[in-house]
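See structure below.
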Amino acid sequence: MTDNRFTSPDALARQLADDLAGKMRESIAARGRVCIAVSGGSTPVRFLEELSKRKLDWSKVRVTLVDERWVDESDAASNAALVKRHLLQNEASQTYFFSLKNKAPGPVDGFMECENGLHELMVRLDFAVLGMGNDGHTASWFPDSDALPKCLDEGNSAWCCPVIDEPTGLPRMTLTWGLLSNCRHLYLHFEGDEKNRVYAKACEEKERQNISAMPIRSVLYQSQVPLSIYRSEE
Ligand SMILES: O=C1O[C@H](COP(=O)(O)O)[C@@H](O)[C@H](O)[C@H]1O
């Protein structure tokens with residue numbers, strides 16, 4: 001695990017965009033394509049805008065989300081709308097985007113279509129940039145939620161999982177550890193005092209085994225995928 005600390009969110013966004021773009025170019029050179037998943041919420045905006053300006057063969061890139069709220073793109077809570085607004089512009093304006101949300105009335109009904117689409121269109125996930133909530137969730141893996149065991153189960157072959165008991169009451173679709181554990185590299189991006197305190201709590205030695213209290217620990221204390229943390233004080 002590498003821990004990259006920054007004093008400003010802007011410097012972090014530029015460096016994370018440079019580093020991920022470098023890995024994406026390598027993947028394209030080696031395999032002719034690259035598939036990435038990015039997070040929603042408020043933190044990734046600057047990073048997504050920086051990444052959209054990096055020069056690489058964006059026609060060989062496929063993008064999806066780590067998780068999505070089951071809302072239309074006209075809703076302010078839509079992560080797809082966020083990606084379209086902040087990443088699919090500049091150099092990346094023509095890049096293929098796979099939405100985790102489909103036309104089904106909810107994520108349970110929409111699961112099979114999402115699962116099949118991920119297999120068919122994302123093929124293999126190379127890189128994912130995760131975020132972290134103040135409650136220690138990452139993706140839509142919420143503390144002590146009904147869906148959590150399925151999301152984290154190594155034996156669960158599904159790449160996505162519906163989540164209907166999350167704290168804000170918005171049903172969601174999330175990628176699973178079953179998929180993320182096969183990435184080539186994971187990135188964890190967070191900013192600010194509060195998130196740094198959450199991270200310090202997640203790292204407390206005596207609590208490390210308590211994954212369901214802080215699901216971010218499942219990513220921090222695994223050895224399957226290299227993890228790079230990008231965090232800033234501000
Ligand atoms: O609900 C979510 O929260 C986390 C963190 O979001 P932030 O707004 O605090 O940056 C995010 O990683 C996840 O993708 C999102 O759906």
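So you can find residues: chains in the structure tokens are A, B, ... in the order shown, residues in each start at 1, and ligands are numbered from 1 in order.
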Which residues form the shell of 10 Å around ligand 1 when you count only C-alpha atoms and all ligand atoms, given as number ranges by chain? A: 38-45, 65-69, 77-79, 129-142, 166-168, 170, 172-174, 188-191, 195
Every residue of chain A that DSSP places in strand (DSSP E or B), as a PyMOL selection string: chain A and resi 2-6+34-38+61-65+67-69+96-97+127-130+138+141+160-163+172-175+185-191+227-232
Write the residues of the preceding selection, restricted to C-alpha atoms, as a compact mmCIF listing (two decimals), in the first residue's frame.
# COMPACT_ATOMS: atom_id res chain seq x y z
CA THR A 2 1.29 3.49 -0.76
CA ASP A 3 0.09 6.51 1.16
CA ASN A 4 0.31 9.72 -0.88
CA ARG A 5 -0.37 12.79 1.22
CA PHE A 6 -1.06 16.27 -0.17
CA VAL A 34 -8.61 -0.13 -20.48
CA CYS A 35 -11.69 -0.33 -18.23
CA ILE A 36 -11.97 1.93 -15.19
CA ALA A 37 -14.52 2.63 -12.45
CA VAL A 38 -14.73 5.96 -10.68
CA VAL A 61 -11.33 3.51 -22.64
CA ARG A 62 -14.48 2.21 -20.96
CA VAL A 63 -15.75 3.95 -17.86
CA THR A 64 -18.26 2.90 -15.25
CA LEU A 65 -19.06 3.83 -11.66
CA ASP A 67 -21.64 2.75 -7.23
CA GLU A 68 -24.80 4.57 -8.24
CA ARG A 69 -27.98 5.80 -6.62
CA TYR A 96 -17.77 5.03 -23.64
CA PHE A 97 -19.68 5.12 -20.33
CA PHE A 127 -8.55 0.23 -12.25
CA ALA A 128 -11.00 1.65 -9.73
CA VAL A 129 -10.87 4.90 -7.79
CA LEU A 130 -12.74 4.50 -4.52
CA THR A 138 -16.71 2.75 0.42
CA TRP A 141 -20.81 -0.98 1.21
CA CYS A 160 -22.70 -5.91 -8.84
CA CYS A 161 -25.17 -5.93 -5.97
CA PRO A 162 -28.40 -4.03 -5.27
CA VAL A 163 -28.40 -2.11 -1.98
CA ARG A 172 -28.35 1.88 -5.08
CA MET A 173 -26.33 -0.47 -7.23
CA THR A 174 -22.74 -1.13 -6.23
CA LEU A 175 -19.80 -3.06 -7.60
CA HIS A 185 -4.72 -1.48 -9.05
CA LEU A 186 -7.08 0.26 -6.62
CA TYR A 187 -6.95 3.92 -5.63
CA LEU A 188 -8.55 5.41 -2.53
CA HIS A 189 -9.16 9.17 -2.63
CA PHE A 190 -10.35 11.32 0.26
CA GLU A 191 -9.90 14.86 1.52
CA LEU A 227 -3.76 -0.07 -3.19
CA SER A 228 -2.62 3.55 -3.46
CA ILE A 229 -4.12 6.09 -1.10
CA TYR A 230 -4.35 9.73 -2.20
CA ARG A 231 -5.43 12.01 0.62
CA SER A 232 -5.18 15.68 1.36
If you run DSSP on the backbone, which residues of chain A are alpha helix (DSSP H), as number ranges by chain? A: 9-31, 45-51, 79-86, 107-117, 148-152, 177-180, 193-202, 217-220
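If you look at CA of Asp165 in chain A and CA of Pro107 in chain A, they are 11.6 Å away from each other.
Between CA of Thr176 in chain A and CA of Pro226 in chain A there is a distance of 16.8 Å.
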Neighbour list for Asp153 in chain A as a PyMOL selection string, cut-off 10 Å, only C-alpha atoms, skip fewer than 5 positions in-chain: chain A and resi 148+158+176-178
Taking N, CA and C atoms for each residue, export the selection above as an mmCIF file, in the first residue's frame.
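Result written to part38.cif:
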data_model
loop_
_atom_site.group_PDB
_atom_site.id
_atom_site.type_symbol
_atom_site.label_atom_id
_atom_site.label_comp_id
_atom_site.auth_asym_id
_atom_site.auth_seq_id
_atom_site.Cartn_x
_atom_site.Cartn_y
_atom_site.Cartn_z
ATOM 1 N N LEU A 148 -24.231 -5.942 2.858
ATOM 2 C CA LEU A 148 -22.770 -5.958 3.032
ATOM 3 C C LEU A 148 -22.128 -7.345 2.870
ATOM 4 N N ALA A 158 -21.051 -12.553 -8.489
ATOM 5 C CA ALA A 158 -21.706 -11.389 -9.117
ATOM 6 C C ALA A 158 -20.784 -10.172 -9.057
ATOM 7 N N THR A 176 -19.093 -5.115 -6.520
ATOM 8 C CA THR A 176 -18.766 -5.994 -5.390
ATOM 9 C C THR A 176 -17.245 -6.155 -5.255
ATOM 10 N N TRP A 177 -16.848 -6.677 -4.102
ATOM 11 C CA TRP A 177 -15.440 -7.019 -3.915
ATOM 12 C C TRP A 177 -15.040 -8.128 -4.895
ATOM 13 N N GLY A 178 -16.008 -8.996 -5.246
ATOM 14 C CA GLY A 178 -15.743 -10.055 -6.227
ATOM 15 C C GLY A 178 -15.169 -9.480 -7.518
#
Which of these, A:Ala92, A:Leu12, A:Glu233, A:Asp126, has the shortest distance to Ser27 in chain A once you count only C-alpha atoms?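 Selected residue with least distance to Ser27 in chain A: A:Asp126.
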Can you work out the spacing between CA of Ser52 in chain A and CA of Leu87 in chain A in Å, to one decimal?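 Going from CA of Ser52 in chain A over to CA of Leu87 in chain A covers 5.0 Å.
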Which residue gives the smallest distance to Arg184 in chain A among A:Phe47, A:Gln224, A:Ala21, A:Glu91, with only C-alpha atoms counted?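 For Arg184 in chain A, the nearest of the candidates is A:Gln224.
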Find the spatial neighbours of Gln89 in chain A, counting only C-alpha atoms, within a cut-off of 10 Å - ignore same-chain residues fewer than 5 positions away - and output them as a PyMOL selection string. chain A and resi 48-49+51-53+83-84+94-95
Surrounding residues of Arg46 in chain A excluding itself and chain neighbours under 6 positions, 9 Å, only C-alpha atoms, as a CSV table (one decimal) with N, CA and C atoms, in the first residue's frame:
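Now in result30.csv:
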chain,number,residue,atom,x,y,z
A,9,PRO,N,-6.2,19.9,-2.2
A,9,PRO,CA,-7.0,19.0,-3.1
A,9,PRO,C,-6.6,19.1,-4.6
A,10,ASP,N,-6.2,20.4,-5.0
A,10,ASP,CA,-5.8,20.6,-6.4
A,10,ASP,C,-4.6,19.8,-6.7
A,13,ALA,N,-5.5,16.2,-7.0
A,13,ALA,CA,-6.3,15.9,-8.2
A,13,ALA,C,-5.4,15.7,-9.4
A,14,ARG,N,-4.4,16.7,-9.5
A,14,ARG,CA,-3.5,16.6,-10.6
A,14,ARG,C,-2.6,15.4,-10.6
A,86,HIS,N,-18.3,16.0,-15.5
A,86,HIS,CA,-16.9,16.3,-15.1
A,86,HIS,C,-15.8,15.5,-15.8
Near-Glu204 in chain A list (12 Å; only C-alpha atoms; drop same-chain fewer than 6 positions) as a list in words: Arg197, Val198, Asn210, Ile211, Met214, Arg217, Leu220 and Tyr221 of chain A
Selection to disk with N, CA and C atoms, as an mmCIF file, in the first residue's frame:
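Saved the output as part34.cif:
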data_model
loop_
_atom_site.group_PDB
_atom_site.id
_atom_site.type_symbol
_atom_site.label_atom_id
_atom_site.label_comp_id
_atom_site.auth_asym_id
_atom_site.auth_seq_id
_atom_site.Cartn_x
_atom_site.Cartn_y
_atom_site.Cartn_z
ATOM 1 N N ARG A 197 -9.636 11.725 9.892
ATOM 2 C CA ARG A 197 -9.933 11.115 11.213
ATOM 3 C C ARG A 197 -10.614 9.753 11.035
ATOM 4 N N VAL A 198 -11.532 9.685 10.062
ATOM 5 C CA VAL A 198 -12.209 8.410 9.776
ATOM 6 C C VAL A 198 -11.165 7.358 9.375
ATOM 7 N N ASN A 210 -12.901 -5.624 12.515
ATOM 8 C CA ASN A 210 -14.312 -5.254 12.515
ATOM 9 C C ASN A 210 -14.692 -4.551 11.202
ATOM 10 N N ILE A 211 -14.792 -5.373 10.170
ATOM 11 C CA ILE A 211 -15.061 -4.865 8.815
ATOM 12 C C ILE A 211 -16.474 -4.298 8.720
ATOM 13 N N MET A 214 -16.779 -0.683 9.721
ATOM 14 C CA MET A 214 -16.155 0.255 8.773
ATOM 15 C C MET A 214 -15.710 -0.537 7.543
ATOM 16 N N ARG A 217 -12.291 -0.950 5.687
ATOM 17 C CA ARG A 217 -11.206 -1.842 6.154
ATOM 18 C C ARG A 217 -11.012 -3.046 5.229
ATOM 19 N N LEU A 220 -8.527 -1.780 2.864
ATOM 20 C CA LEU A 220 -7.241 -1.415 3.483
ATOM 21 C C LEU A 220 -6.444 -2.648 3.902
ATOM 22 N N TYR A 221 -7.161 -3.693 4.378
ATOM 23 C CA TYR A 221 -6.457 -4.865 4.922
ATOM 24 C C TYR A 221 -6.630 -6.100 4.054
#
